[in-house]
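Contents: one structure, followed by commentary.
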Amino acid sequence: MSDFPIALHGERLTAVVIGGGSVGTRKALALVEAGARVRVVSPEVTPELAEAERARRLSILRESYRSGHLGEATLVIAATDSRDVNAQVAVDARAHGKLVNITDFPDEGNFHTMALHRSGDVTIAVSAGGVPGAAARIRDAIAERFDARYGRAVSALRGLRSRLIAGGDERWRDAAPKLLADDFCSSVEDGSFTEKVDTWR
């Protein structure tokens, strides 16, 4: 099966995570970090989820799963320790046209999550044919090179682009090819990129 990678705007997502164990916790907190509005459905939850609830970062329904729990969610994750429950979540979510990830059997859903590396505005996602361990290793190798320097460089570019375009300044069309030329990565890594950006401010 071929993957079609997309980046969802987290702050525009309403997500439901079915399951409050370690996997559900990891998925729910990742969604919270992305800005999603998250509800967890599980009779029992980890201390981390309970703390996130107290901090009003997410909500928890301490109930066993039923199809009505999916509600208006745009994204659903099934992460219980029950194969039967996870399979039912898949059926219910697909019937309502929702994005659904089934953690113990990804082929039942219509998406899977990827190993992520974030550095400021830079997000790099790695998928490795359904082998999460390989994806994590590759992600870590990428992270060694694409570190905080790239986050700062992209943040500077974003600010410059917004400022030039908002001001009706046509210079962005001239600046972009020069700032994003073949030497972009080397200039970020040797520190000269900041000076290049400054010449266009």
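Just so we're on the same page: first chain in the structure tokens is A, next is B, and so on; residues restart at 1 for each chain, and ligands are numbered from 1 in the order they show up.
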Each region 110-157 of chain A residue no farther than 7 Å from region 183-193 of chain A, nearest pair in Å, only C-alpha atoms, as JSON lines:
{"residue": "A:Arg149", "atom": "CA", "partner": "A:Val188", "partner_atom": "CA", "distance": 6.5}
{"residue": "A:Tyr150", "atom": "CA", "partner": "A:Val188", "partner_atom": "CA", "distance": 6.6}
{"residue": "A:Ala153", "atom": "CA", "partner": "A:Val188", "partner_atom": "CA", "distance": 6.7}
Written selection (C-alpha atoms) as a PDB file, in the first residue's frame:
ATOM      1  CA  ARG A 149      19.726  26.067  13.178  1.00  0.00           C
ATOM      2  CA  TYR A 150      17.142  25.061  10.597  1.00  0.00           C
ATOM      3  CA  ALA A 153      16.459  29.830   9.540  1.00  0.00           C
TER       4      ALA A 153
END
Next item on the list: as a PyMOL selection string, please: all residues of region 11-182 of chain A that backbone DSSP puts in alpha helix (DSSP H).
Entry: chain A and resi 22-33+47-54+83-95+132-145+148-166+171-179
Checklist line | Distance in Å - CA of Val126 (chain A) versus CA of Ala7 (chain A) | finding: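 If I compute the distance from CA of Val126 (chain A) to CA of Ala7 (chain A), I get 12.3 Å.
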Checklist line | Which residue of A:Phe146, A:Phe4, A:Trp200, A:Phe111 approaches Asp169 (chain A) most closely, using only C-alpha atoms | finding: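 Looking only at the distances to Asp169 (chain A), the closest residue turns out to be A:Trp200.
The space separating CA of Leu116 (chain A) from CA of Glu144 (chain A) comes to 13.0 Å.
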Note to self: I need the strand (DSSP E or B) residues of region 73-152 of chain A per DSSP on the backbone, written as a PyMOL selection string.
What the structure shows: chain A and resi 75-78+99-102+115-119+122-126
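Residues surrounding Asp84 (chain A) within 12 Å are Tyr65, Ala78, Ala79, Val89, Ala90, Val91, Ile102, Asp104, Phe105 and Glu108 of chain A [only C-alpha atoms; sequence separation below 5 positions excluded].
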Please tabulate, as a Markdown table, the residues of region 53-152 of chain A that come within 6 Å of region 8-20 of chain A, each with its closest pair of atoms and the distance in Å to one decimal, counting only C-alpha atoms and ordering rows by chain, then residue number upward.
| residue | atom | partner | partner_atom | distance |
| --- | --- | --- | --- | --- |
| A:Ala73 | CA | A:Thr14 | CA | 4.9 |
| A:Thr74 | CA | A:Thr14 | CA | 5.5 |
| A:Leu75 | CA | A:Ala15 | CA | 4.7 |
| A:Val76 | CA | A:Val16 | CA | 5.0 |
| A:Ile77 | CA | A:Val17 | CA | 4.7 |
| A:Ala78 | CA | A:Ile18 | CA | 4.8 |
| A:Ala79 | CA | A:Gly19 | CA | 4.9 |
| A:Thr80 | CA | A:Gly19 | CA | 4.3 |
Next item on the list: Skip Glu63 (chain A) itself and residues of its chain fewer than 2 positions away, then list as a VMD selection string all residues within 9 Å of it, counting only C-alpha atoms.
Entry: chain A and resid 41 to 44 60 to 61 65 to 66
Notebook entry, point to check: Hey, what's within 10 Å of region 157-167 of chain A if we count only C-alpha atoms and toss same-chain stuff fewer than 5 positions away? As a ChimeraX atom specification, please?
Noted result: /A:121,151-152,172-173,175-176,179-180,194,197-198,200-201
Notebook entry, point to check: From the list A:Val38, A:Val154, A:Ser2, A:Thr199, which residue is nearest Ala52 (chain A) when using only C-alpha atoms?
Noted result: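 Distance minimum relative to Ala52 (chain A) lands on A:Val38.
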Notebook entry, point to check: How far is it from CA of Asp3 (chain A) to CA of Leu99 (chain A), in Å with one decimal?
Noted result: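 Interatomic distance, CA of Asp3 (chain A) to CA of Leu99 (chain A): 14.1 Å.
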Note to self: Taking only C-alpha atoms into account, name the residue in A:Gly120, A:Gly168, A:Pro132, A:Pro106 that is nearest to Ala148 (chain A).
What the structure shows: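 Using only C-alpha atoms, Ala148 (chain A) sits closest to A:Gly120.
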Determine, counting only C-alpha atoms, which protein, DNA and RNA residues have an atom within 9 Å of an atom of Asp92 (chain A); residues of the same chain fewer than 6 positions away are not included. Present the result as a PDB file with N, CA and C atoms, in the first residue's frame.
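Result went into selection_29.pdb, see below:
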ATOM      1  N   SER A  67     -20.199   3.867  19.957  1.00  0.00           N
ATOM      2  CA  SER A  67     -20.027   4.605  18.704  1.00  0.00           C
ATOM      3  C   SER A  67     -20.346   6.090  18.846  1.00  0.00           C
ATOM      4  N   LEU A  70     -17.664   9.046  19.084  1.00  0.00           N
ATOM      5  CA  LEU A  70     -16.919   9.645  17.979  1.00  0.00           C
ATOM      6  C   LEU A  70     -17.433  11.048  17.664  1.00  0.00           C
ATOM      7  N   LYS A  98     -14.489   9.351   8.841  1.00  0.00           N
ATOM      8  CA  LYS A  98     -13.491  10.017   9.674  1.00  0.00           C
ATOM      9  C   LYS A  98     -12.088   9.478   9.398  1.00  0.00           C
TER      10      LYS A  98
END
Next item on the list: Give me the residues within 9 Å of Leu49 (chain A) as a ChimeraX atom specification, counting only C-alpha atoms and dropping any in the same chain fewer than 3 places off.
Entry: /A:20-21,25,28-29,40,45-46,52-54,58-60
